[in-house]
Structures are given as structure tokens and as C-alpha cells.
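S.K.: For reference, this is structure_30.cif, and it has mmCIF, C-alpha atoms and all ligand atoms.
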```cif
data_query
loop_
_atom_site.group_PDB
_atom_site.id
_atom_site.type_symbol
_atom_site.label_atom_id
_atom_site.label_comp_id
_atom_site.auth_asym_id
_atom_site.auth_seq_id
_atom_site.Cartn_x
_atom_site.Cartn_y
_atom_site.Cartn_z
ATOM 1 C CA MET X 279 2.635 -30.301 13.947
ATOM 2 C CA ILE X 280 -0.125 -30.670 11.393
ATOM 3 C CA LEU X 281 -2.072 -28.040 9.522
ATOM 4 C CA ALA X 282 -5.562 -29.396 8.734
ATOM 5 C CA ILE X 283 -7.575 -27.536 6.103
ATOM 6 C CA ASP X 284 -11.238 -28.093 5.254
ATOM 7 C CA VAL X 285 -12.535 -26.481 2.069
ATOM 8 C CA GLY X 286 -16.324 -26.118 2.257
ATOM 9 C CA ASN X 287 -18.637 -24.513 -0.275
ATOM 10 C CA THR X 288 -18.727 -21.181 1.621
ATOM 11 C CA ARG X 289 -15.520 -20.875 3.609
ATOM 12 C CA ILE X 290 -12.203 -22.503 4.340
ATOM 13 C CA LYS X 291 -11.530 -23.640 7.882
ATOM 14 C CA ALA X 292 -8.045 -24.501 9.119
ATOM 15 C CA ALA X 293 -6.488 -25.658 12.377
ATOM 16 C CA VAL X 294 -3.009 -26.345 13.699
ATOM 17 C CA PHE X 295 -2.754 -29.599 15.672
ATOM 18 C CA GLU X 296 -0.055 -30.799 18.039
ATOM 19 C CA GLY X 297 -1.041 -34.474 18.383
ATOM 20 C CA ASP X 298 -4.703 -34.398 19.410
ATOM 21 C CA ILE X 299 -4.557 -30.821 20.685
ATOM 22 C CA LEU X 300 -6.046 -28.074 18.543
ATOM 23 C CA VAL X 301 -3.610 -25.195 19.030
ATOM 24 C CA GLU X 302 -5.298 -22.498 16.925
ATOM 25 C CA ASN X 303 -7.989 -22.329 14.280
ATOM 26 C CA PHE X 304 -8.657 -20.010 11.361
ATOM 27 C CA VAL X 305 -11.509 -19.210 8.957
ATOM 28 C CA PHE X 306 -10.995 -17.502 5.605
ATOM 29 C CA VAL X 307 -12.340 -17.213 2.073
ATOM 30 C CA LYS X 308 -11.050 -18.948 -1.029
ATOM 31 C CA ASN X 309 -9.101 -16.090 -2.588
ATOM 32 C CA GLU X 310 -7.132 -15.606 0.627
ATOM 33 C CA LEU X 311 -6.100 -19.260 0.861
ATOM 34 C CA GLN X 312 -2.419 -18.983 -0.037
ATOM 35 C CA LYS X 313 -1.812 -15.814 1.965
ATOM 36 C CA ASN X 314 -3.345 -17.439 5.045
ATOM 37 C CA ILE X 315 -1.369 -20.668 4.692
ATOM 38 C CA HIS X 316 1.857 -18.641 4.358
ATOM 39 C CA ASN X 317 1.031 -16.701 7.536
ATOM 40 C CA ILE X 318 0.165 -19.846 9.487
ATOM 41 C CA LEU X 319 3.403 -21.543 8.391
ATOM 42 C CA LYS X 320 5.382 -18.444 9.381
ATOM 43 C CA LYS X 321 3.813 -18.501 12.848
ATOM 44 C CA TYR X 322 4.082 -22.282 13.375
ATOM 45 C CA LYS X 323 7.491 -23.327 12.052
ATOM 46 C CA LYS X 324 7.047 -26.886 13.410
ATOM 47 C CA ILE X 325 4.290 -27.744 10.907
ATOM 48 C CA THR X 326 5.463 -30.721 8.823
ATOM 49 C CA ASP X 327 2.244 -31.916 7.153
ATOM 50 C CA LEU X 328 -0.648 -30.244 5.383
ATOM 51 C CA VAL X 329 -3.841 -32.351 5.455
ATOM 52 C CA VAL X 330 -6.592 -31.229 3.111
ATOM 53 C CA SER X 331 -10.226 -32.217 2.719
ATOM 54 C CA SER X 332 -12.229 -30.432 0.060
ATOM 55 C CA VAL X 333 -15.761 -30.432 -1.328
ATOM 56 C CA GLY X 334 -15.295 -26.897 -2.678
ATOM 57 C CA ASP X 335 -13.809 -25.746 -5.974
ATOM 58 C CA VAL X 336 -10.246 -24.965 -4.954
ATOM 59 C CA GLU X 337 -7.511 -26.224 -7.310
ATOM 60 C CA LYS X 338 -5.192 -28.916 -5.907
ATOM 61 C CA GLN X 339 -2.347 -26.812 -7.247
ATOM 62 C CA SER X 340 -3.044 -24.128 -4.610
ATOM 63 C CA PHE X 341 -1.835 -26.616 -1.986
ATOM 64 C CA LEU X 342 0.867 -28.336 -4.039
ATOM 65 C CA GLU X 343 2.923 -25.139 -4.124
ATOM 66 C CA PHE X 344 3.747 -25.838 -0.442
ATOM 67 C CA GLU X 345 5.219 -29.247 -1.280
ATOM 68 C CA ASN X 346 8.820 -28.014 -1.090
ATOM 69 C CA ASP X 347 8.421 -27.256 2.605
ATOM 70 C CA LEU X 348 5.741 -29.743 3.702
ATOM 71 C CA LYS X 349 4.193 -33.095 2.987
ATOM 72 C CA VAL X 350 0.783 -32.444 1.411
ATOM 73 C CA HIS X 351 -1.984 -35.037 1.885
ATOM 74 C CA PHE X 352 -5.420 -34.949 0.251
ATOM 75 C CA ILE X 353 -8.002 -37.039 2.081
ATOM 76 C CA SER X 354 -10.120 -38.898 -0.477
ATOM 77 C CA HIS X 355 -12.357 -41.938 -0.897
ATOM 78 C CA GLU X 356 -9.205 -44.026 -1.357
ATOM 79 C CA ASN X 357 -8.136 -43.466 2.256
ATOM 80 C CA PRO X 358 -8.797 -46.022 4.977
ATOM 81 C CA PHE X 359 -11.835 -45.084 7.089
ATOM 82 C CA PRO X 360 -12.875 -46.655 10.421
ATOM 83 C CA PHE X 361 -16.372 -47.603 9.196
ATOM 84 C CA ILE X 362 -18.037 -49.870 6.660
ATOM 85 C CA ASN X 363 -19.413 -47.676 3.915
ATOM 86 C CA CYS X 364 -22.997 -48.789 3.094
ATOM 87 C CA TYR X 365 -23.753 -45.763 0.844
ATOM 88 C CA ALA X 366 -25.087 -47.023 -2.502
ATOM 89 C CA THR X 367 -22.892 -44.518 -4.374
ATOM 90 C CA PRO X 368 -19.723 -44.364 -2.237
ATOM 91 C CA LYS X 369 -17.757 -42.516 -4.919
ATOM 92 C CA THR X 370 -20.190 -39.575 -4.884
ATOM 93 C CA LEU X 371 -20.297 -39.319 -1.091
ATOM 94 C CA GLY X 372 -18.786 -36.012 0.098
ATOM 95 C CA VAL X 373 -15.366 -36.530 1.643
ATOM 96 C CA ASP X 374 -16.386 -34.047 4.399
ATOM 97 C CA ARG X 375 -19.247 -36.385 5.335
ATOM 98 C CA MET X 376 -16.870 -39.375 5.414
ATOM 99 C CA ILE X 377 -14.524 -37.450 7.704
ATOM 100 C CA LEU X 378 -17.417 -36.489 10.030
ATOM 101 C CA ALA X 379 -18.479 -40.136 10.222
ATOM 102 C CA ALA X 380 -14.860 -41.155 10.880
ATOM 103 C CA GLY X 381 -14.516 -38.626 13.706
ATOM 104 C CA ALA X 382 -17.803 -39.755 15.261
ATOM 105 C CA THR X 383 -16.728 -43.412 15.052
ATOM 106 C CA ILE X 384 -13.340 -42.731 16.643
ATOM 107 C CA GLN X 385 -14.566 -40.337 19.368
ATOM 108 C CA PHE X 386 -17.734 -42.240 20.314
ATOM 109 C CA PRO X 387 -16.991 -45.967 19.984
ATOM 110 C CA ASN X 388 -19.672 -48.681 20.255
ATOM 111 C CA GLN X 389 -22.698 -46.443 19.885
ATOM 112 C CA ASN X 390 -25.025 -45.096 17.229
ATOM 113 C CA ARG X 391 -24.054 -41.580 16.117
ATOM 114 C CA LEU X 392 -25.785 -38.865 14.137
ATOM 115 C CA VAL X 393 -23.616 -35.988 12.884
ATOM 116 C CA ILE X 394 -25.361 -32.812 11.721
ATOM 117 C CA ASP X 395 -23.157 -30.355 9.828
ATOM 118 C CA ALA X 396 -24.877 -26.988 9.393
ATOM 119 C CA GLY X 397 -22.761 -25.410 6.653
ATOM 120 C CA THR X 398 -23.703 -24.284 3.144
ATOM 121 C CA CYS X 399 -25.854 -27.386 3.171
ATOM 122 C CA VAL X 400 -27.057 -29.125 6.288
ATOM 123 C CA THR X 401 -25.932 -32.732 6.137
ATOM 124 C CA PHE X 402 -27.033 -35.621 8.339
ATOM 125 C CA ASP X 403 -24.729 -38.626 8.634
ATOM 126 C CA PHE X 404 -25.580 -41.741 10.599
ATOM 127 C CA THR X 405 -23.130 -44.440 11.692
ATOM 128 C CA ASP X 406 -24.494 -47.315 13.759
ATOM 129 C CA GLU X 407 -22.918 -49.044 16.772
ATOM 130 C CA ASN X 408 -21.420 -51.719 14.499
ATOM 131 C CA ASN X 409 -19.620 -48.972 12.564
ATOM 132 C CA ASN X 410 -21.802 -49.215 9.474
ATOM 133 C CA TYR X 411 -22.035 -45.822 7.795
ATOM 134 C CA LEU X 412 -25.658 -45.821 6.587
ATOM 135 C CA GLY X 413 -26.033 -42.402 4.917
ATOM 136 C CA GLY X 414 -28.277 -39.502 5.915
ATOM 137 C CA ALA X 415 -29.644 -36.393 4.248
ATOM 138 C CA ILE X 416 -28.664 -33.193 2.445
ATOM 139 C CA THR X 417 -30.785 -30.032 2.717
ATOM 140 C CA PRO X 418 -30.089 -26.322 2.087
ATOM 141 C CA GLY X 419 -28.303 -24.496 4.917
ATOM 142 C CA LEU X 420 -29.470 -21.301 6.656
ATOM 143 C CA ARG X 421 -27.670 -18.788 4.432
ATOM 144 C CA LEU X 422 -28.613 -20.751 1.304
ATOM 145 C CA ARG X 423 -32.299 -20.599 2.332
ATOM 146 C CA TYR X 424 -32.199 -16.806 2.718
ATOM 147 C CA GLU X 425 -30.400 -16.515 -0.627
ATOM 148 C CA SER X 426 -32.740 -18.845 -2.520
ATOM 149 C CA LEU X 427 -35.837 -16.952 -1.340
ATOM 150 C CA HIS X 428 -34.291 -13.778 -2.742
ATOM 151 C CA ASN X 429 -32.774 -15.267 -5.910
ATOM 152 C CA TYR X 430 -35.847 -17.210 -7.038
ATOM 153 C CA THR X 431 -38.590 -14.650 -6.347
ATOM 154 C CA ALA X 432 -39.317 -11.156 -7.637
ATOM 155 C CA LYS X 433 -40.268 -9.560 -4.331
ATOM 156 C CA LEU X 434 -38.343 -11.094 -1.481
ATOM 157 C CA PRO X 435 -35.364 -9.154 -0.090
ATOM 158 C CA LEU X 436 -32.041 -10.723 0.869
ATOM 159 C CA LEU X 437 -31.895 -10.577 4.660
ATOM 160 C CA PRO X 438 -29.084 -11.336 7.078
ATOM 161 C CA LEU X 439 -29.628 -14.160 9.550
ATOM 162 C CA GLU X 440 -31.639 -12.903 12.502
ATOM 163 C CA ASP X 441 -33.427 -14.300 15.502
ATOM 164 C CA PRO X 442 -37.124 -14.695 14.591
ATOM 165 C CA LYS X 443 -39.218 -12.479 16.886
ATOM 166 C CA ASP X 444 -42.088 -14.932 16.948
ATOM 167 C CA LEU X 445 -43.548 -17.980 15.283
ATOM 168 C CA ILE X 446 -46.040 -15.707 13.518
ATOM 169 C CA GLY X 447 -44.182 -13.280 11.244
ATOM 170 C CA LYS X 448 -46.029 -9.936 11.108
ATOM 171 C CA SER X 449 -44.117 -8.422 8.184
ATOM 172 C CA THR X 450 -42.221 -9.678 5.134
ATOM 173 C CA SER X 451 -38.938 -9.735 7.002
ATOM 174 C CA GLU X 452 -40.426 -11.334 10.114
ATOM 175 C CA SER X 453 -42.083 -13.969 7.920
ATOM 176 C CA ILE X 454 -38.774 -14.765 6.222
ATOM 177 C CA HIS X 455 -36.889 -15.001 9.527
ATOM 178 C CA SER X 456 -39.585 -17.228 10.989
ATOM 179 C CA GLY X 457 -39.718 -19.394 7.873
ATOM 180 C CA VAL X 458 -35.976 -19.834 7.494
ATOM 181 C CA ALA X 459 -34.679 -19.861 11.064
ATOM 182 C CA ASN X 460 -37.629 -21.509 12.844
ATOM 183 C CA GLY X 461 -38.088 -23.745 9.809
ATOM 184 C CA LEU X 462 -34.580 -25.181 9.946
ATOM 185 C CA VAL X 463 -34.770 -25.693 13.726
ATOM 186 C CA TYR X 464 -38.081 -27.599 13.410
ATOM 187 C CA GLU X 465 -36.665 -29.577 10.499
ATOM 188 C CA ILE X 466 -33.606 -30.683 12.460
ATOM 189 C CA ASP X 467 -35.676 -31.535 15.567
ATOM 190 C CA GLY X 468 -38.125 -33.403 13.315
ATOM 191 C CA PHE X 469 -35.301 -35.428 11.735
ATOM 192 C CA ILE X 470 -33.909 -36.280 15.171
ATOM 193 C CA ASP X 471 -37.364 -37.474 16.311
ATOM 194 C CA GLU X 472 -37.661 -39.725 13.240
ATOM 195 C CA TYR X 473 -34.187 -41.188 13.850
ATOM 196 C CA ARG X 474 -35.208 -41.794 17.464
ATOM 197 C CA ALA X 475 -38.218 -43.789 16.268
ATOM 198 C CA ARG X 476 -35.782 -46.157 14.517
ATOM 199 C CA TYR X 477 -32.844 -46.097 16.947
ATOM 200 C CA SER X 478 -33.769 -45.510 20.574
ATOM 201 C CA ASN X 479 -30.220 -44.572 21.485
ATOM 202 C CA PHE X 480 -27.725 -42.420 19.620
ATOM 203 C CA ILE X 481 -25.518 -39.451 20.298
ATOM 204 C CA ILE X 482 -25.905 -36.286 18.242
ATOM 205 C CA ILE X 483 -23.052 -34.022 17.216
ATOM 206 C CA LEU X 484 -23.795 -30.606 15.707
ATOM 207 C CA THR X 485 -21.102 -28.758 13.774
ATOM 208 C CA GLY X 486 -20.632 -26.241 10.923
ATOM 209 C CA GLY X 487 -20.878 -22.466 10.593
ATOM 210 C CA ASP X 488 -24.400 -22.269 12.062
ATOM 211 C CA THR X 489 -23.681 -24.428 15.130
ATOM 212 C CA GLU X 490 -24.029 -21.651 17.661
ATOM 213 C CA PHE X 491 -27.243 -20.246 16.202
ATOM 214 C CA LEU X 492 -28.925 -23.641 16.017
ATOM 215 C CA ALA X 493 -27.590 -25.293 19.187
ATOM 216 C CA LYS X 494 -29.454 -23.061 21.622
ATOM 217 C CA ARG X 495 -32.720 -23.368 19.701
ATOM 218 C CA LEU X 496 -32.955 -27.154 19.275
ATOM 219 C CA LYS X 497 -35.126 -29.008 21.772
ATOM 220 C CA ASN X 498 -32.936 -32.108 21.560
ATOM 221 C CA THR X 499 -29.727 -32.524 23.554
ATOM 222 C CA ILE X 500 -26.716 -32.406 21.283
ATOM 223 C CA PHE X 501 -22.939 -32.045 21.487
ATOM 224 C CA ALA X 502 -22.241 -28.706 19.797
ATOM 225 C CA ASN X 503 -18.693 -28.455 18.466
ATOM 226 C CA SER X 504 -17.849 -26.018 15.651
ATOM 227 C CA ASN X 505 -14.434 -27.667 15.279
ATOM 228 C CA PHE X 506 -15.717 -31.222 14.935
ATOM 229 C CA LEU X 507 -14.838 -31.477 11.236
ATOM 230 C CA LEU X 508 -11.274 -30.211 11.741
ATOM 231 C CA GLU X 509 -10.765 -32.516 14.733
ATOM 232 C CA SER X 510 -12.151 -35.397 12.678
ATOM 233 C CA LEU X 511 -9.835 -34.508 9.794
ATOM 234 C CA ASN X 512 -6.856 -34.720 12.140
ATOM 235 C CA GLN X 513 -8.136 -38.090 13.460
ATOM 236 C CA THR X 514 -8.773 -39.413 9.921
ATOM 237 C CA PHE X 515 -5.176 -38.533 9.048
ATOM 238 C CA GLN X 516 -3.821 -40.272 12.191
ATOM 239 C CA TYR X 517 -5.960 -43.303 11.302
ATOM 240 C CA LYS X 518 -4.480 -43.308 7.787
ATOM 241 C CA ILE X 519 -0.911 -43.257 9.168
ATOM 242 C CA LYS X 520 -1.708 -46.283 11.371
ATOM 243 C CA ASN X 521 -3.621 -48.263 8.730
ATOM 244 C CA ASP X 522 -1.958 -47.528 5.374
HETATM 245 N N1 LIG Z 601 -18.689 -14.834 8.116
HETATM 246 C C1 LIG Z 601 -19.524 -15.721 7.613
HETATM 247 N N2 LIG Z 601 -19.610 -15.891 6.266
HETATM 248 C C2 LIG Z 601 -20.449 -16.811 5.732
HETATM 249 N N3 LIG Z 601 -21.253 -17.611 6.462
HETATM 250 C C3 LIG Z 601 -21.221 -17.488 7.798
HETATM 251 C C4 LIG Z 601 -20.365 -16.545 8.437
HETATM 252 N N4 LIG Z 601 -20.539 -16.683 9.775
HETATM 253 C C5 LIG Z 601 -21.453 -17.636 9.959
HETATM 254 N N5 LIG Z 601 -21.899 -18.123 8.776
HETATM 255 C C6 LIG Z 601 -22.899 -19.172 8.628
HETATM 256 O O1 LIG Z 601 -22.202 -20.340 8.279
HETATM 257 C C7 LIG Z 601 -22.914 -21.122 7.329
HETATM 258 C C8 LIG Z 601 -21.887 -21.733 6.400
HETATM 259 O O2 LIG Z 601 -21.114 -22.573 7.206
HETATM 260 P P1 LIG Z 601 -19.671 -23.073 6.819
HETATM 261 O O3 LIG Z 601 -19.303 -24.071 7.865
HETATM 262 O O4 LIG Z 601 -18.758 -21.927 6.602
HETATM 263 O O5 LIG Z 601 -19.984 -23.792 5.428
HETATM 264 P P2 LIG Z 601 -19.105 -24.687 4.461
HETATM 265 O O6 LIG Z 601 -18.407 -25.713 5.334
HETATM 266 O O7 LIG Z 601 -20.107 -25.288 3.565
HETATM 267 O O8 LIG Z 601 -18.125 -23.775 3.777
HETATM 268 C C9 LIG Z 601 -23.924 -20.173 6.646
HETATM 269 O O9 LIG Z 601 -25.191 -20.787 6.584
HETATM 270 C C10 LIG Z 601 -23.927 -18.915 7.521
HETATM 271 O O10 LIG Z 601 -25.191 -18.668 8.127
HETATM 272 C C1 LIG Z 602 -23.456 -32.159 0.576
HETATM 273 C C2 LIG Z 602 -22.232 -31.262 0.400
HETATM 274 C C3 LIG Z 602 -22.472 -30.290 -0.762
HETATM 275 C C4 LIG Z 602 -22.051 -30.452 1.714
HETATM 276 O O1 LIG Z 602 -21.079 -29.442 1.545
HETATM 277 P P1 LIG Z 602 -20.883 -28.261 2.596
HETATM 278 O O2 LIG Z 602 -22.208 -27.802 3.060
HETATM 279 O O3 LIG Z 602 -20.135 -28.872 3.779
HETATM 280 O O4 LIG Z 602 -20.057 -27.227 1.928
HETATM 281 C C5 LIG Z 602 -20.929 -32.125 0.163
HETATM 282 O O5 LIG Z 602 -20.794 -33.059 1.190
HETATM 283 C C6 LIG Z 602 -20.989 -32.831 -1.178
HETATM 284 O O6 LIG Z 602 -20.648 -32.257 -2.188
HETATM 285 N N1 LIG Z 602 -21.451 -34.122 -1.167
HETATM 286 C C7 LIG Z 602 -21.558 -34.920 -2.342
HETATM 287 C C8 LIG Z 602 -22.885 -35.668 -2.392
HETATM 288 C C9 LIG Z 602 -23.093 -36.677 -1.264
HETATM 289 O O7 LIG Z 602 -22.507 -36.551 -0.182
HETATM 290 O O8 LIG Z 602 -23.851 -37.661 -1.497
HETATM 291 K K K Z 603 -22.410 -29.469 5.486
#
```
Just give me the structure of the file as C-alpha cells.
Ligand SMILES: Nc1ncnc2c1ncn2[C@@H]1O[C@H](COP(=O)(O)OP(=O)(O)O)[C@@H](O)[C@H]1O
Ligand SMILES: CC(C)(COP(=O)(O)O)[C@@H](O)C(=O)NCCC(=O)O
Ligand SMILES: [K+]
M.R.:
Amino acid sequence: MILAIDVGNTRIKAAVFEGDILVENFVFVKNELQKNIHNILKKYKKITDLVVSSVGDVEKQSFLEFENDLKVHFISHENPFPFINCYATPKTLGVDRMILAAGATIQFPNQNRLVIDAGTCVTFDFTDENNNYLGGAITPGLRLRYESLHNYTAKLPLLPLEDPKDLIGKSTSESIHSGVANGLVYEIDGFIDEYRARYSNFIIILTGGDTEFLAKRLKNTIFANSNFLLESLNQTFQYKIKND
């Protein structure tokens, strides 16, 4: 069994895998990392490997303390990936984005794929049918948009994510909800339309903490899968075992 852990900029996501099967998944915050790993290992005694991908600021040491009981693997740029990396600055490309592109390439062979990860940031990652990873986009995520409006103005309150009542906000809070929530939905649909103008055919995978909120509001047809990054992490690790 494998314990896959993805450290994002907001939360840590983890999943136990038996081969390709996701047995159970977990979400927690940074300062509860060790406690959670201990509990997972207590529950699943067959875990032999810990596979970590991180774009957040968690010390490697937090994972290395489990080295007596497990093999600990950090997925990095040095790993083999199933695509040709055409990013102009491959060393600064987020390892989470590489893993998403790897998962898309493995799960959807011989087609163009766009992965949208709605986390702290919303990232777009495009891999074409010849397995060239071309790049994409980075834009602030839903929560980050609410927080920036509050943090960089004198008058705007910090609001929790809420369904916008209407396109036309009739109060400060309605205007913020319309601007942030409708805004991100239109932005994502707009991006997809522009991609479609260049590539007539591609599949779209939506993942990340805001998957559920966004999936039902987008006009485009997408595969919504909150666990896509963890599944891709497991697949990237299996690919490494076969190709190292
Ligand atoms: N309990 C929660 N805490 C924080 N964010 C949450 C929570 N539930 C849903 N979200 C949403 O998830 C998004 C962050 O997604 P996540 O996948 O956790 O990010 P990251 O991978 O960057 O850590 C936020 O924009 C927020 O709206
Ligand atoms: C863009 C990101 C901050 C997204 O992080 P996340 O929202 O998943 O927490 C991360 O992929 C990153 O730090 N990327 C480095 C820059 C790049 O990918 O070009
Ligand atoms: K992201």
C-alpha cells in the first residue's frame, strides 16, 4: 500500500492506494501533518511507501521522520514524466502541475488534454495528443480572490464563498459574490473557448478544492474529479518505478 500526500498552498491532501484503487482520502492543515500521518499509518499497517508532492512550505524533515518505518519518495523535476516538457522554464514549473499533466497523459492517451486545478491558485495545464506539455496559466483561486478584495481595500469585508444570487449584485456582498464567483466561472469558460479555437478537440479535467462549486456552474462539459491530483501522484510514482 502507498500513502500519497499532496502539499498545496492551502491544505494537505492525502490518500491511501492499493494498486490503482483509492482506499481512503484525507484533508488536513499543515500543523496537523505528523499527527495525521501517524493515524493513517496506524489504521493501514500495510503501507510501505510514502509518496510526497509539495508546492507548499512544509519542511522535508516532517516526512523524513517516517523513514524508519517506510520508504519516503519526493516527486520532483528529476523524476521521469510521461510527457515532453516544452515549458521555457521547466525548473520553475510547479511539481503539482507536472503531476496533473502526467495523470492526464496516462489516463487519457492519444488526445489533447486540459487540466484545470481550482486550488489556492487556479492553474491550467495543456498536454497535446503527441504528449507535449505546452504550459497553461496561473490565476488567483476563489478563496484568494475573496481575501485579496478584503486585504487590499479599506472598505470591502471578507466574505465566505457563497452562491451569487444574480449577475447584478444589489449590495456590497452581492457585488462581491457576483464578481468573484461568477467572475471565475466566466473566466474558466472563456479560457476553454479560447483553447477550443486553437484545438478543436480536447478533454477537460477539473480538480482542486473548488471542483464541486465550479463544476455545476461551467457551461462546458468537463470531467470533475476532486481526487485527480492524488490519483495522478500515485500514477506518477508507478511510472517512476517502471522507468527509473
Ligand atoms: N475547509 C476548507 N478550507 C480551505 N479552503 C477550502 C475548504 N473547503 C473548500 N475550500 C476551497 O478550496 C480552495 C483551495 O483548494 P485546495 O485544493 O485545498 O488548494 P491547494 O491545493 O492550493 O492547497 C479554496 O479556494 C476554497 O474555496
Ligand atoms: C501555481 C502554484 C502556486 C499552484 O499552487 P496551488 O494552487 O496548487 O497550491 C504552484 O503550481 C507553483 O508554485 N508553481 C510554480 C510556478 C509555475 O508553475 O510556473
Ligand atoms: K492549483
S.K.: Please provide the set of residues having any atom within 10 Å of stretch 343-346 of chain X, restricted to all atoms listed in the file, with same-chain residues fewer than 4 positions apart removed, written as a PDB file with C-alpha atoms, in the coordinates of the input.
M.R.:
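After the write, around.pdb holds the following:
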```
ATOM      1  CA  GLN X 312      -2.419 -18.983  -0.037  1.00  0.00           C
ATOM      2  CA  ILE X 315      -1.369 -20.668   4.692  1.00  0.00           C
ATOM      3  CA  HIS X 316       1.857 -18.641   4.358  1.00  0.00           C
ATOM      4  CA  LEU X 319       3.403 -21.543   8.391  1.00  0.00           C
ATOM      5  CA  ASP X 327       2.244 -31.916   7.153  1.00  0.00           C
ATOM      6  CA  LEU X 328      -0.648 -30.244   5.383  1.00  0.00           C
ATOM      7  CA  LYS X 338      -5.192 -28.916  -5.907  1.00  0.00           C
ATOM      8  CA  GLN X 339      -2.347 -26.812  -7.247  1.00  0.00           C
ATOM      9  CA  VAL X 350       0.783 -32.444   1.411  1.00  0.00           C
ATOM     10  CA  HIS X 351      -1.984 -35.037   1.885  1.00  0.00           C
TER      11      HIS X 351
END
```
S.K.: Given the choices X:Thr367, X:Asn303, X:Ser426, X:Asn314, which gets closest to ligand LIG 602 (chain Z) if the distance is worked out from only C-alpha atoms and all ligand atoms?
M.R.: X:Thr367
S.K.: Hey, what comes out of the PyMOL selection byres (((chain X and resi 292) around 7) and not hetatm) on this file? Could you write it as a PDB file with C-alpha atoms, keeping the file's coordinate frame?
M.R.:
```pdb
ATOM      1  CA  LEU X 281      -2.072 -28.040   9.522  1.00  0.00           C
ATOM      2  CA  ALA X 282      -5.562 -29.396   8.734  1.00  0.00           C
ATOM      3  CA  ILE X 283      -7.575 -27.536   6.103  1.00  0.00           C
ATOM      4  CA  ASP X 284     -11.238 -28.093   5.254  1.00  0.00           C
ATOM      5  CA  ILE X 290     -12.203 -22.503   4.340  1.00  0.00           C
ATOM      6  CA  LYS X 291     -11.530 -23.640   7.882  1.00  0.00           C
ATOM      7  CA  ALA X 293      -6.488 -25.658  12.377  1.00  0.00           C
ATOM      8  CA  ASN X 303      -7.989 -22.329  14.280  1.00  0.00           C
ATOM      9  CA  PHE X 304      -8.657 -20.010  11.361  1.00  0.00           C
ATOM     10  CA  VAL X 305     -11.509 -19.210   8.957  1.00  0.00           C
TER      11      VAL X 305
END
```
S.K.: What does the PyMOL selection byres (((not hetatm)) within 7 of (chain Z and resi 602)) select in this file, as a PyMOL selection string?
M.R.: chain X and resi 286-288+333-334+370-375+395-401+416
S.K.: Can you tell me which residues surround X:Asp467 at a distance of at most 7 Å, considering all atoms listed in the file, apart from same-chain residues fewer than 2 positions away, and format the answer as a VMD selection string?
M.R.: chain X and resid 463 to 465 469 to 471 496 to 498
S.K.: Kindly indicate which residue among X:Phe404, X:Tyr365, X:Phe306, X:Tyr473 lies nearest to ligand LIG 601 (chain Z), using all atoms listed in the file for the distances.
M.R.: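 For ligand LIG 601 (chain Z), the nearest of the given residues is X:Phe306.
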S.K.: Please expand the PyMOL selection byres (((chain X and resi 331) around 6) and not hetatm) into the concrete residues it hits in this file, giving the result as a ChimeraX atom specification.
M.R.: /X:284,330,332,353
S.K.: Extract, using all atoms listed in the file, all DNA, RNA and protein residues at most 8 Å from X:Leu412, discarding same-chain residues fewer than 4 positions from it, and format them as a PyMOL selection string.
M.R.: chain X and resi 363-365+403-406
S.K.: Write out as a list of chain:residue names which residues come within 9 Å of stretch 377-389 of chain X when counting all atoms listed in the file, dropping same-chain ones fewer than 5 positions away.
M.R.: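 Once the adjacent positions are removed, what remains is X:Ser331, X:Ile353, X:Phe359, X:Pro360, X:Phe361, X:Gly372, X:Ile394, X:Asp395, X:Asp403, X:Phe404, X:Thr405, X:Asp406, X:Glu407, X:Asn408, X:Asn409, X:Tyr411, X:Asn479, X:Phe480, X:Ile481, X:Ile483, X:Phe506, X:Leu507, X:Leu508, X:Glu509, X:Ser510, X:Leu511, X:Asn512, X:Gln513, X:Thr514.
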S.K.: Kindly indicate which residue among X:Gly297, X:Gly457, X:Gly486, X:Pro358 lies nearest to ligand LIG 601 (chain Z), using only C-alpha atoms and all ligand atoms for the distances.
M.R.: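 Closest to ligand LIG 601 (chain Z), using only C-alpha atoms and all ligand atoms: X:Gly486.
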S.K.: One number please: atom CA of X:Phe352 to atom CA of X:Lys308, in Å, one decimal.
M.R.: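 It comes out at 17.0 Å.
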S.K.: Expressed in Å to a single decimal, how great is the separation between atom CA of X:His355 and atom O9 of ligand LIG 601 (chain Z)?
M.R.: 25.8 Å
S.K.: Around ligand LIG 601 (chain Z), with edges along x, y and z and 6 Å added on all six sides, what centre and edge lengths do you get, in Å to one decimal, as JSON?
M.R.:
```
{"center_x": -21.7, "center_y": -20.3, "center_z": 6.8, "size_x": 19.1, "size_y": 22.9, "size_z": 18.4}
```
